[in-house]
>>> print(open('target32.cif').read())   # mmCIF, C-alpha atoms
data_target
#
loop_
_atom_site.group_PDB
_atom_site.id
_atom_site.type_symbol
_atom_site.label_atom_id
_atom_site.label_comp_id
_atom_site.auth_asym_id
_atom_site.auth_seq_id
_atom_site.Cartn_x
_atom_site.Cartn_y
_atom_site.Cartn_z
ATOM 1 C CA MET A 5 46.486 -35.438 74.863
ATOM 2 C CA SER A 6 48.715 -32.505 73.919
ATOM 3 C CA ILE A 7 51.528 -32.718 71.408
ATOM 4 C CA ARG A 8 53.994 -32.324 74.270
ATOM 5 C CA GLY A 9 52.352 -35.265 75.988
ATOM 6 C CA LEU A 10 52.576 -37.377 72.853
ATOM 7 C CA PHE A 11 56.118 -36.583 71.842
ATOM 8 C CA GLY A 12 57.749 -34.903 74.844
ATOM 9 C CA SER A 13 60.327 -32.178 74.574
ATOM 10 C CA LEU A 14 63.157 -34.477 73.565
ATOM 11 C CA LEU A 15 65.008 -34.188 70.296
ATOM 12 C CA VAL A 16 63.186 -36.129 67.614
ATOM 13 C CA THR A 17 65.161 -38.108 65.071
ATOM 14 C CA LEU A 18 63.418 -39.086 61.859
ATOM 15 C CA THR A 19 64.635 -41.244 59.017
ATOM 16 C CA VAL A 20 64.189 -39.526 55.676
ATOM 17 C CA ALA A 21 65.166 -41.373 52.504
ATOM 18 C CA GLY A 22 67.333 -43.665 54.609
ATOM 19 C CA THR A 23 69.236 -40.830 56.295
ATOM 20 C CA ASN A 24 68.927 -39.871 59.958
ATOM 21 C CA VAL A 25 68.008 -36.202 60.245
ATOM 22 C CA SER A 26 68.001 -34.269 63.513
ATOM 23 C CA ALA A 27 64.510 -32.940 63.218
ATOM 24 C CA GLY A 28 63.796 -30.524 66.025
ATOM 25 C CA GLU A 29 62.422 -29.900 69.488
ATOM 26 C CA PHE A 30 59.293 -28.600 71.157
ATOM 27 C CA VAL A 31 59.380 -25.080 72.568
ATOM 28 C CA ASP A 32 57.047 -22.829 74.546
ATOM 29 C CA VAL A 33 55.762 -19.695 72.831
ATOM 30 C CA ALA A 34 53.979 -16.908 74.699
ATOM 31 C CA GLY A 35 50.584 -16.309 73.085
ATOM 32 C CA GLY A 36 47.055 -15.177 73.763
ATOM 33 C CA THR A 37 46.218 -11.760 75.164
ATOM 34 C CA ARG A 38 47.003 -9.917 78.390
ATOM 35 C CA ALA A 39 43.563 -10.861 79.650
ATOM 36 C CA GLU A 40 43.851 -14.484 78.492
ATOM 37 C CA PRO A 41 47.519 -15.470 78.111
ATOM 38 C CA VAL A 42 48.348 -18.941 76.829
ATOM 39 C CA ARG A 43 51.597 -20.870 76.543
ATOM 40 C CA LEU A 44 51.573 -22.212 73.019
ATOM 41 C CA ILE A 45 53.510 -25.302 72.016
ATOM 42 C CA GLY A 46 55.710 -25.032 68.949
ATOM 43 C CA TYR A 47 57.786 -27.583 67.068
ATOM 44 C CA MET A 48 61.067 -25.931 66.044
ATOM 45 C CA ALA A 49 63.243 -27.365 63.291
ATOM 46 C CA ARG A 50 66.306 -25.505 62.064
ATOM 47 C CA PRO A 51 69.354 -26.159 59.912
ATOM 48 C CA PRO A 52 72.701 -26.836 61.571
ATOM 49 C CA GLY A 53 74.895 -23.867 62.332
ATOM 50 C CA PRO A 54 74.415 -20.473 63.977
ATOM 51 C CA GLY A 55 72.491 -18.798 61.167
ATOM 52 C CA PRO A 56 70.941 -16.363 60.844
ATOM 53 C CA PHE A 57 68.290 -18.146 58.785
ATOM 54 C CA SER A 58 65.142 -16.976 57.082
ATOM 55 C CA ALA A 59 62.191 -18.603 58.824
ATOM 56 C CA VAL A 60 58.668 -19.932 58.366
ATOM 57 C CA VAL A 61 55.771 -20.139 60.855
ATOM 58 C CA LEU A 62 53.360 -23.047 60.229
ATOM 59 C CA LEU A 63 49.670 -23.107 61.235
ATOM 60 C CA HIS A 64 47.594 -26.304 61.285
ATOM 61 C CA GLY A 65 44.071 -27.015 60.080
ATOM 62 C CA CYS A 66 40.846 -27.522 62.019
ATOM 63 C CA GLY A 67 41.787 -31.095 62.934
ATOM 64 C CA GLY A 68 44.684 -29.846 65.026
ATOM 65 C CA PHE A 69 48.408 -30.495 65.113
ATOM 66 C CA HIS A 70 49.445 -33.765 63.464
ATOM 67 C CA SER A 71 52.421 -35.490 61.847
ATOM 68 C CA SER A 72 52.113 -33.553 58.596
ATOM 69 C CA MET A 73 53.078 -30.368 60.438
ATOM 70 C CA ILE A 74 56.275 -31.970 61.703
ATOM 71 C CA SER A 75 57.022 -33.321 58.230
ATOM 72 C CA TRP A 76 56.676 -29.863 56.688
ATOM 73 C CA ALA A 77 58.792 -28.212 59.386
ATOM 74 C CA ASP A 78 61.540 -30.789 58.903
ATOM 75 C CA ARG A 79 61.349 -30.389 55.132
ATOM 76 C CA LEU A 80 61.713 -26.614 55.385
ATOM 77 C CA SER A 81 64.670 -27.102 57.709
ATOM 78 C CA ARG A 82 66.329 -29.320 55.114
ATOM 79 C CA PHE A 83 65.722 -26.539 52.581
ATOM 80 C CA GLY A 84 67.733 -24.229 54.845
ATOM 81 C CA TYR A 85 64.981 -22.409 56.773
ATOM 82 C CA ALA A 86 64.169 -22.280 60.466
ATOM 83 C CA ALA A 87 60.604 -23.568 60.850
ATOM 84 C CA LEU A 88 58.235 -23.183 63.797
ATOM 85 C CA ALA A 89 54.991 -25.194 63.687
ATOM 86 C CA ILE A 90 52.442 -23.961 66.237
ATOM 87 C CA ASP A 91 49.872 -26.084 68.074
ATOM 88 C CA SER A 92 46.964 -23.702 68.649
ATOM 89 C CA PHE A 93 44.567 -26.323 70.033
ATOM 90 C CA GLY A 94 46.429 -28.539 72.517
ATOM 91 C CA PRO A 95 47.307 -25.789 75.013
ATOM 92 C CA ARG A 96 43.667 -24.642 74.925
ATOM 93 C CA GLY A 97 42.286 -28.125 75.517
ATOM 94 C CA ILE A 98 40.738 -28.330 72.039
ATOM 95 C CA ASP A 99 40.791 -31.552 69.996
ATOM 96 C CA GLU A 100 39.427 -29.992 66.828
ATOM 97 C CA ASP A 101 37.341 -27.006 65.769
ATOM 98 C CA CYS A 102 35.951 -27.454 62.270
ATOM 99 C CA GLY A 103 32.688 -25.599 62.660
ATOM 100 C CA SER A 104 33.925 -22.058 62.127
ATOM 101 C CA PHE A 105 36.925 -19.794 61.649
ATOM 102 C CA PHE A 106 39.234 -20.017 64.676
ATOM 103 C CA PRO A 107 40.169 -16.368 65.353
ATOM 104 C CA HIS A 108 43.020 -17.106 67.761
ATOM 105 C CA GLN A 109 45.125 -18.712 65.045
ATOM 106 C CA THR A 110 46.067 -15.479 63.299
ATOM 107 C CA ALA A 111 47.182 -14.026 66.642
ATOM 108 C CA ASP A 112 49.089 -17.249 67.340
ATOM 109 C CA GLY A 113 50.907 -16.779 64.056
ATOM 110 C CA TYR A 114 52.001 -13.312 65.104
ATOM 111 C CA ALA A 115 53.030 -14.646 68.521
ATOM 112 C CA ALA A 116 55.260 -17.149 66.739
ATOM 113 C CA LEU A 117 56.648 -14.337 64.585
ATOM 114 C CA SER A 118 57.505 -12.350 67.713
ATOM 115 C CA TYR A 119 59.179 -15.432 69.194
ATOM 116 C CA LEU A 120 61.297 -15.962 66.090
ATOM 117 C CA THR A 121 62.343 -12.346 65.665
ATOM 118 C CA GLY A 122 63.787 -12.470 69.176
ATOM 119 C CA LYS A 123 66.128 -15.331 68.290
ATOM 120 C CA PRO A 124 69.680 -14.562 67.110
ATOM 121 C CA PHE A 125 69.563 -17.414 64.582
ATOM 122 C CA VAL A 126 66.615 -15.848 62.688
ATOM 123 C CA ARG A 127 66.692 -13.075 60.083
ATOM 124 C CA ALA A 128 63.942 -11.006 61.688
ATOM 125 C CA SER A 129 62.762 -9.292 58.499
ATOM 126 C CA HIS A 130 62.669 -12.525 56.490
ATOM 127 C CA VAL A 131 59.882 -14.597 58.049
ATOM 128 C CA ALA A 132 56.981 -16.142 56.119
ATOM 129 C CA VAL A 133 53.816 -17.809 57.401
ATOM 130 C CA MET A 134 52.371 -21.013 55.958
ATOM 131 C CA GLY A 135 49.056 -22.620 56.853
ATOM 132 C CA PHE A 136 46.754 -25.463 55.913
ATOM 133 C CA SER A 137 42.963 -25.265 55.507
ATOM 134 C CA GLN A 138 41.813 -23.288 58.564
ATOM 135 C CA GLY A 139 45.457 -22.329 59.095
ATOM 136 C CA GLY A 140 45.555 -21.210 55.473
ATOM 137 C CA GLY A 141 42.646 -18.897 56.228
ATOM 138 C CA ALA A 142 44.666 -17.534 59.141
ATOM 139 C CA VAL A 143 47.521 -16.859 56.705
ATOM 140 C CA LEU A 144 45.204 -14.841 54.456
ATOM 141 C CA ALA A 145 43.965 -12.913 57.501
ATOM 142 C CA ALA A 146 47.510 -12.267 58.739
ATOM 143 C CA LEU A 147 48.663 -10.915 55.361
ATOM 144 C CA GLU A 148 45.498 -8.924 54.579
ATOM 145 C CA LYS A 149 45.972 -5.170 54.606
ATOM 146 C CA GLY A 150 43.883 -3.711 57.394
ATOM 147 C CA PRO A 151 43.368 -3.495 61.142
ATOM 148 C CA VAL A 152 44.611 -6.999 62.009
ATOM 149 C CA GLU A 153 48.129 -6.722 60.596
ATOM 150 C CA GLN A 154 48.334 -3.112 61.778
ATOM 151 C CA ARG A 155 48.142 -4.288 65.413
ATOM 152 C CA TYR A 156 51.529 -5.955 65.204
ATOM 153 C CA PRO A 157 54.914 -4.224 64.893
ATOM 154 C CA GLU A 158 56.567 -7.252 63.261
ATOM 155 C CA LYS A 159 55.368 -8.142 59.769
ATOM 156 C CA PHE A 160 55.365 -11.339 57.759
ATOM 157 C CA ARG A 161 57.306 -10.944 54.546
ATOM 158 C CA ALA A 162 55.223 -13.535 52.659
ATOM 159 C CA GLY A 163 52.519 -16.162 53.092
ATOM 160 C CA ILE A 164 51.621 -19.615 51.758
ATOM 161 C CA ALA A 165 48.066 -20.935 52.091
ATOM 162 C CA PHE A 166 47.237 -24.564 51.327
ATOM 163 C CA TYR A 167 43.547 -25.109 50.454
ATOM 164 C CA PRO A 168 42.338 -22.101 52.507
ATOM 165 C CA PRO A 169 38.791 -20.767 52.880
ATOM 166 C CA CYS A 170 38.977 -17.749 50.554
ATOM 167 C CA ARG A 171 35.357 -16.623 50.697
ATOM 168 C CA PHE A 172 35.853 -13.794 53.197
ATOM 169 C CA ALA A 173 39.427 -12.806 52.314
ATOM 170 C CA SER A 174 39.935 -9.590 50.375
ATOM 171 C CA GLY A 175 43.036 -10.750 48.514
ATOM 172 C CA ILE A 176 44.640 -7.365 49.165
ATOM 173 C CA THR A 177 47.819 -8.415 50.928
ATOM 174 C CA THR A 178 50.855 -6.811 52.527
ATOM 175 C CA GLY A 179 53.221 -9.272 50.863
ATOM 176 C CA PRO A 180 53.447 -12.036 48.254
ATOM 177 C CA THR A 181 50.916 -14.786 48.958
ATOM 178 C CA LEU A 182 50.905 -18.237 47.356
ATOM 179 C CA VAL A 183 47.607 -20.163 47.373
ATOM 180 C CA LEU A 184 47.614 -23.890 46.513
ATOM 181 C CA ILE A 185 44.284 -25.688 46.126
ATOM 182 C CA GLY A 186 42.560 -28.450 44.148
ATOM 183 C CA ASN A 187 39.530 -27.902 41.943
ATOM 184 C CA ALA A 188 37.896 -31.038 43.395
ATOM 185 C CA ASP A 189 38.040 -29.567 46.914
ATOM 186 C CA ASP A 190 34.483 -29.683 48.284
ATOM 187 C CA TRP A 191 35.428 -28.229 51.691
ATOM 188 C CA THR A 192 37.149 -24.989 50.702
ATOM 189 C CA PRO A 193 36.157 -24.486 47.056
ATOM 190 C CA ALA A 194 38.793 -23.308 44.608
ATOM 191 C CA SER A 195 36.147 -21.100 42.997
ATOM 192 C CA ALA A 196 36.209 -18.868 46.084
ATOM 193 C CA CYS A 197 39.972 -18.422 45.721
ATOM 194 C CA GLU A 198 39.610 -17.692 42.005
ATOM 195 C CA ALA A 199 37.036 -15.027 42.827
ATOM 196 C CA MET A 200 39.248 -13.539 45.546
ATOM 197 C CA ALA A 201 42.234 -13.288 43.213
ATOM 198 C CA ALA A 202 40.039 -11.720 40.525
ATOM 199 C CA GLY A 203 38.600 -9.121 42.908
ATOM 200 C CA ARG A 204 35.013 -10.326 42.803
ATOM 201 C CA THR A 205 32.655 -12.418 44.897
ATOM 202 C CA GLU A 206 31.651 -15.932 43.869
ATOM 203 C CA PHE A 207 28.422 -14.401 42.583
ATOM 204 C CA GLY A 208 30.287 -12.018 40.280
ATOM 205 C CA ALA A 209 29.870 -8.822 42.300
ATOM 206 C CA PRO A 210 32.999 -6.667 42.688
ATOM 207 C CA ARG A 211 35.030 -6.962 45.881
ATOM 208 C CA THR A 212 36.668 -4.024 47.662
ATOM 209 C CA PRO A 213 38.952 -2.286 45.140
ATOM 210 C CA GLY A 214 42.665 -2.830 45.703
ATOM 211 C CA ASP A 215 45.874 -4.361 44.429
ATOM 212 C CA ARG A 216 45.669 -8.167 44.319
ATOM 213 C CA SER A 217 48.743 -8.659 42.161
ATOM 214 C CA LEU A 218 50.683 -10.166 45.082
ATOM 215 C CA VAL A 219 48.433 -13.250 45.140
ATOM 216 C CA GLU A 220 49.699 -16.291 43.210
ATOM 217 C CA LEU A 221 46.948 -18.881 42.763
ATOM 218 C CA VAL A 222 47.713 -22.479 41.776
ATOM 219 C CA ILE A 223 44.764 -24.811 41.127
ATOM 220 C CA TYR A 224 45.355 -28.552 40.741
ATOM 221 C CA PRO A 225 42.849 -30.406 38.498
ATOM 222 C CA GLY A 226 41.030 -33.291 40.163
ATOM 223 C CA VAL A 227 42.720 -32.739 43.529
ATOM 224 C CA HIS A 228 40.884 -32.817 46.870
ATOM 225 C CA HIS A 229 41.303 -31.185 50.293
ATOM 226 C CA SER A 230 44.368 -32.133 52.394
ATOM 227 C CA PHE A 231 46.145 -33.376 49.278
ATOM 228 C CA ASP A 232 49.593 -33.142 50.937
ATOM 229 C CA VAL A 233 48.766 -35.225 54.043
ATOM 230 C CA LEU A 234 50.772 -38.412 53.518
ATOM 231 C CA ASP A 235 48.940 -40.321 56.277
ATOM 232 C CA LEU A 236 45.848 -40.331 54.054
ATOM 233 C CA SER A 237 47.709 -42.518 51.554
ATOM 234 C CA LEU A 238 47.331 -45.407 54.020
ATOM 235 C CA ALA A 239 43.554 -45.441 53.482
ATOM 236 C CA PRO A 240 42.254 -47.949 50.886
ATOM 237 C CA THR A 241 41.276 -45.143 48.499
ATOM 238 C CA ARG A 242 44.160 -42.838 49.561
ATOM 239 C CA GLY A 243 41.624 -40.747 51.417
ATOM 240 C CA THR A 244 38.485 -40.647 53.523
ATOM 241 C CA THR A 245 35.542 -38.445 54.498
ATOM 242 C CA ALA A 246 35.876 -35.823 57.231
ATOM 243 C CA HIS A 247 32.893 -33.768 58.364
ATOM 244 C CA GLY A 248 31.116 -34.677 55.146
ATOM 245 C CA HIS A 249 34.004 -33.655 52.881
ATOM 246 C CA ARG A 250 36.471 -35.684 50.859
ATOM 247 C CA VAL A 251 40.108 -35.514 52.016
ATOM 248 C CA GLU A 252 42.601 -37.345 49.828
ATOM 249 C CA TYR A 253 46.362 -37.551 49.380
ATOM 250 C CA ASN A 254 47.701 -36.771 45.906
ATOM 251 C CA GLU A 255 51.363 -37.558 45.340
ATOM 252 C CA GLU A 256 51.750 -35.627 42.092
ATOM 253 C CA ALA A 257 50.167 -32.454 43.478
ATOM 254 C CA THR A 258 52.226 -32.741 46.663
ATOM 255 C CA LYS A 259 55.492 -33.037 44.748
ATOM 256 C CA ASN A 260 54.562 -30.029 42.629
ATOM 257 C CA ALA A 261 53.546 -28.029 45.703
ATOM 258 C CA ILE A 262 56.858 -28.780 47.428
ATOM 259 C CA VAL A 263 58.760 -27.423 44.425
ATOM 260 C CA ARG A 264 56.542 -24.346 44.296
ATOM 261 C CA VAL A 265 56.905 -23.690 48.029
ATOM 262 C CA ARG A 266 60.678 -23.883 47.832
ATOM 263 C CA ASP A 267 60.816 -21.577 44.810
ATOM 264 C CA PHE A 268 58.394 -19.109 46.414
ATOM 265 C CA LEU A 269 60.400 -18.941 49.634
ATOM 266 C CA GLN A 270 63.623 -18.409 47.712
ATOM 267 C CA ARG A 271 62.012 -15.508 45.862
ATOM 268 C CA THR A 272 60.401 -13.888 48.883
ATOM 269 C CA ILE A 273 62.439 -14.509 52.039
ATOM 270 C CA GLY A 274 65.683 -15.474 50.365
ATOM 271 C CA ALA A 275 67.639 -18.527 49.341
ATOM 272 C CA PRO A 276 69.664 -20.207 52.106
#
>>> encode(input="target32.cif", output="C-alpha cells")
Amino acid sequence: MSIRGLFGSLLVTLTVAGTNVSAGEFVDVAGGTRAEPVRLIGYMARPPGPGPFSAVVLLHGCGGFHSSMISWADRLSRFGYAALAIDSFGPRGIDEDCGSFFPHQTADGYAALSYLTGKPFVRASHVAVMGFSQGGGAVLAALEKGPVEQRYPEKFRAGIAFYPPCRFASGITTGPTLVLIGNADDWTPASACEAMAAGRTEFGAPRTPGDRSLVELVIYPGVHHSFDVLDLSLAPTRGTTAHGHRVEYNEEATKNAIVRVRDFLQRTIGAP
C-alpha cells in the first residue's frame, strides 16, 4: 500500500513532547523522465507563516518510506525549515529494493528540488538534501561534481548523508556534505566513508584527485546501521537483523546527530 493509501492527504497532527504540532500534508511531485514520467508522493512539513524558508529534501533508504521520514521532516519544520520527504518506491509499486543502488532516487531528489524552488515560501537558492542509507548514497551522487549534477539547472546548496554507501562516491562535492555513520555498521561500512574523505580506495589506492575539503565525516563508536530509527527501540535488543545486517537504534548517537544536523543547516542554508 502506498503512503497516500496509509495516511491519506489530510493534515496530520502529531503529539511531540506533549504539544500538538501541525505536522504537514502529502503532495504530488512531478518526477521521472519524459519517456517514463511518475507522480511522486511527498510529505511536506513547513513552519507557520509565509516564509520564505530555507528547505530540505529527504530521501529514504532501501526499505522505503516509513515513520522515521515523517519524524525527521516534522523535526526540521520545528527547526524553522520547510521539509519535503519523497516516497520514491510507493508510486512505482516497489515495497523495497535493497539489492543494489536505486538510480531513480537521485533524480527524484532533483525533482523535489525543482518542486520546492517553484514555491513562494521557499528560498530557492537555500535548499539542502538529506538521505538515509540508500538515500544517503543518492545524496552523495546528487552533490558529486560531474555529469549528474550538471544535468540540472537548480543546485543543492548542501547535503547530509546518514550511513550512506560511500564505496563508489568520489567525495568531490559541489557543496558542504555531512556524513554521519557508525563504526559498527556492517551494511555500509564506515571504512568506505573514511577512504572516500581521504581520497583513497578502501585498499589504499588513490582516488580521482580533487578537493574533498567540503566533506565532514562523523563516525560514532559502536553504533550500527539505522541508528536514528526510533521504531527499532521497540525491539527487545533495540534492533534486529535486516537482509543479514544489524540495524539498531542508538539514542545517544541520534541526539548528537540531531544537534549536528541543525548546526550544519544553520551554517550552510541559513538559520531561520
>>> closest_residue(input="target32.cif", among="A:Ser217, A:His108, A:Ser81, A:Ser58", to="Gly36 in chain A", atoms="all atoms listed in the file")
A:His108
>>> closest_atom_pairs(input="target32.cif", of="range 53-98 of chain A", to="range 225-243 of chain A", cutoff="10 Å", atoms="all atoms listed in the file", output="CSV")
residue,atom,partner,partner_atom,distance
A:Gly65,CA,A:Ser230,CA,9.2
A:His70,CA,A:Val233,CA,9.6
A:Ser71,CA,A:Asp235,CA,8.2
A:Ser72,CA,A:Val233,CA,5.9
A:Met73,CA,A:Val233,CA,9.1
A:Ser75,CA,A:Leu234,CA,9.3
A:Trp76,CA,A:Asp232,CA,9.7
>>> resolve_selection(input="target32.cif", expression="the PyMOL selection byres ((chain A and resi 90) around 7)", output="PyMOL selection string")
chain A and resi 45-47+62-63+88-89+91-92
>>> write_last_selection(input="target32.cif", atoms="C-alpha atoms", output="CSV table (one decimal), in the frame of the given file")
chain,number,residue,atom,x,y,z
A,45,ILE,CA,53.5,-25.3,72.0
A,46,GLY,CA,55.7,-25.0,68.9
A,47,TYR,CA,57.8,-27.6,67.1
A,62,LEU,CA,53.4,-23.0,60.2
A,63,LEU,CA,49.7,-23.1,61.2
A,88,LEU,CA,58.2,-23.2,63.8
A,89,ALA,CA,55.0,-25.2,63.7
A,91,ASP,CA,49.9,-26.1,68.1
A,92,SER,CA,47.0,-23.7,68.6
>>> residues_around(input="target32.cif", residues="Val222 in chain A", least_positions_apart="3", cutoff="10 Å", atoms="all atoms listed in the file", output="VMD selection string")
chain A and resid 166 to 167 182 to 187 194 197 to 198 219 225 261 264
>>> resolve_selection(input="target32.cif", expression="the PyMOL selection byres ((chain A and resi 48) around 9)", output="list in words")
Ala27, Gly28, Glu29, Phe30, Val31, Gly46, Tyr47, Ala49, Arg50, Ile74, Ala77, Asp78, Ala86, Ala87, Leu88, Ala89 and Ile90 of chain A
>>> write_last_selection(input="target32.cif", atoms="C-alpha atoms", output="CSV table (one decimal), in the frame of the given file")
chain,number,residue,atom,x,y,z
A,27,ALA,CA,64.5,-32.9,63.2
A,28,GLY,CA,63.8,-30.5,66.0
A,29,GLU,CA,62.4,-29.9,69.5
A,30,PHE,CA,59.3,-28.6,71.2
A,31,VAL,CA,59.4,-25.1,72.6
A,46,GLY,CA,55.7,-25.0,68.9
A,47,TYR,CA,57.8,-27.6,67.1
A,49,ALA,CA,63.2,-27.4,63.3
A,50,ARG,CA,66.3,-25.5,62.1
A,74,ILE,CA,56.3,-32.0,61.7
A,77,ALA,CA,58.8,-28.2,59.4
A,78,ASP,CA,61.5,-30.8,58.9
A,86,ALA,CA,64.2,-22.3,60.5
A,87,ALA,CA,60.6,-23.6,60.8
A,88,LEU,CA,58.2,-23.2,63.8
A,89,ALA,CA,55.0,-25.2,63.7
A,90,ILE,CA,52.4,-24.0,66.2
>>> closest_residue(input="target32.cif", among="A:His249, A:Arg96, A:Arg171, A:Arg82", to="Asp189 in chain A", atoms="only C-alpha atoms")
A:His249
>>> resolve_selection(input="target32.cif", expression="the PyMOL selection byres ((chain A and resi 164) around 12)", output="PyMOL selection string")
chain A and resi 60-63+131-137+139-147+160-163+165-168+177+179-185+218-222+261-262+264-269+272-273
>>> closest_residue(input="target32.cif", among="A:Gly103, A:Phe57, A:Phe125, A:Ala196", to="Phe83 in chain A", atoms="only C-alpha atoms")
A:Phe57
>>> atom_distance(input="target32.cif", atom1="CA of Gly68 in chain A", atom2="CA of Gly94 in chain A")
7.8 Å
>>> closest_residue(input="target32.cif", among="A:Ser129, A:Thr212, A:Ser104, A:Thr192", to="Val251 in chain A", atoms="all atoms listed in the file")
A:Thr192
>>> closest_residue(input="target32.cif", among="A:Ser118, A:Pro95, A:Gly55, A:Leu80", to="Val42 in chain A", atoms="all atoms listed in the file")
A:Pro95
>>> residues_around(input="target32.cif", residues="Gly214 in chain A", least_positions_apart="3", cutoff="12 Å", atoms="all atoms listed in the file", output="ChimeraX atom specification")
/A:148-150,174-178,200-204,210-211,217-219
>>> decode(input="target32.cif", residues="range 28-101 of chain A", atoms="C-alpha atoms", output="mmCIF file, in the first residue's frame")
data_model
loop_
_atom_site.group_PDB
_atom_site.id
_atom_site.type_symbol
_atom_site.label_atom_id
_atom_site.label_comp_id
_atom_site.auth_asym_id
_atom_site.auth_seq_id
_atom_site.Cartn_x
_atom_site.Cartn_y
_atom_site.Cartn_z
ATOM 1 C CA GLY A 28 2.233 18.524 7.330
ATOM 2 C CA GLU A 29 0.438 17.172 4.294
ATOM 3 C CA PHE A 30 1.067 14.884 1.356
ATOM 4 C CA VAL A 31 1.697 16.487 -2.024
ATOM 5 C CA ASP A 32 2.238 15.308 -5.593
ATOM 6 C CA VAL A 33 5.631 15.969 -7.163
ATOM 7 C CA ALA A 34 6.301 15.541 -10.878
ATOM 8 C CA GLY A 35 9.210 13.129 -11.343
ATOM 9 C CA GLY A 36 10.678 10.551 -13.664
ATOM 10 C CA THR A 37 11.637 11.309 -17.248
ATOM 11 C CA ARG A 38 9.758 12.445 -20.346
ATOM 12 C CA ALA A 39 9.711 8.848 -21.515
ATOM 13 C CA GLU A 40 8.685 7.482 -18.104
ATOM 14 C CA PRO A 41 7.006 10.212 -16.031
ATOM 15 C CA VAL A 42 5.931 9.404 -12.485
ATOM 16 C CA ARG A 43 3.880 11.298 -9.924
ATOM 17 C CA LEU A 44 5.929 11.104 -6.765
ATOM 18 C CA ILE A 45 4.382 11.398 -3.326
ATOM 19 C CA GLY A 46 5.983 13.845 -0.924
ATOM 20 C CA TYR A 47 5.322 14.643 2.720
ATOM 21 C CA MET A 48 5.603 18.418 3.185
ATOM 22 C CA ALA A 49 6.125 19.968 6.605
ATOM 23 C CA ARG A 50 6.754 23.685 6.982
ATOM 24 C CA PRO A 51 6.850 26.285 9.734
ATOM 25 C CA PRO A 52 3.887 28.610 10.211
ATOM 26 C CA GLY A 53 3.890 31.847 8.282
ATOM 27 C CA PRO A 54 4.506 32.869 4.671
ATOM 28 C CA GLY A 55 8.273 32.416 4.636
ATOM 29 C CA PRO A 56 10.358 32.316 2.616
ATOM 30 C CA PHE A 57 12.125 29.442 4.367
ATOM 31 C CA SER A 58 15.286 27.536 3.625
ATOM 32 C CA ALA A 59 14.334 23.959 2.794
ATOM 33 C CA VAL A 60 15.449 20.338 2.949
ATOM 34 C CA VAL A 61 14.606 17.401 0.649
ATOM 35 C CA LEU A 62 14.616 13.987 2.384
ATOM 36 C CA LEU A 63 15.305 10.641 0.663
ATOM 37 C CA HIS A 64 14.518 7.282 2.285
ATOM 38 C CA GLY A 65 16.515 4.065 2.464
ATOM 39 C CA CYS A 66 16.077 0.773 0.623
ATOM 40 C CA GLY A 67 13.220 -0.289 2.902
ATOM 41 C CA GLY A 68 11.062 2.531 1.589
ATOM 42 C CA PHE A 69 9.167 5.408 3.146
ATOM 43 C CA HIS A 70 8.391 4.929 6.841
ATOM 44 C CA SER A 71 7.573 6.869 10.005
ATOM 45 C CA SER A 72 11.157 7.998 10.555
ATOM 46 C CA MET A 73 10.933 10.134 7.416
ATOM 47 C CA ILE A 74 7.875 11.931 8.756
ATOM 48 C CA SER A 75 9.569 12.390 12.127
ATOM 49 C CA TRP A 76 12.611 13.994 10.507
ATOM 50 C CA ALA A 77 10.503 16.255 8.286
ATOM 51 C CA ASP A 78 8.484 17.427 11.281
ATOM 52 C CA ARG A 79 11.656 17.976 13.294
ATOM 53 C CA LEU A 80 13.189 20.100 10.541
ATOM 54 C CA SER A 81 9.966 22.090 10.347
ATOM 55 C CA ARG A 82 10.189 22.790 14.071
ATOM 56 C CA PHE A 83 13.760 23.974 13.475
ATOM 57 C CA GLY A 84 12.355 26.527 11.022
ATOM 58 C CA TYR A 85 12.891 24.782 7.664
ATOM 59 C CA ALA A 86 10.446 23.640 5.011
ATOM 60 C CA ALA A 87 10.953 19.887 4.598
ATOM 61 C CA LEU A 88 9.838 17.631 1.749
ATOM 62 C CA ALA A 89 10.235 13.868 2.263
ATOM 63 C CA ILE A 90 9.919 11.925 -1.001
ATOM 64 C CA ASP A 91 8.492 8.422 -1.419
ATOM 65 C CA SER A 92 10.409 7.003 -4.380
ATOM 66 C CA PHE A 93 9.012 3.467 -4.105
ATOM 67 C CA GLY A 94 5.252 3.646 -3.497
ATOM 68 C CA PRO A 95 4.346 5.406 -6.759
ATOM 69 C CA ARG A 96 6.454 2.844 -8.647
ATOM 70 C CA GLY A 97 4.828 -0.131 -6.945
ATOM 71 C CA ILE A 98 8.023 -1.088 -5.098
ATOM 72 C CA ASP A 99 7.971 -2.338 -1.494
ATOM 73 C CA GLU A 100 11.730 -2.316 -1.050
ATOM 74 C CA ASP A 101 14.870 -2.508 -3.171
#
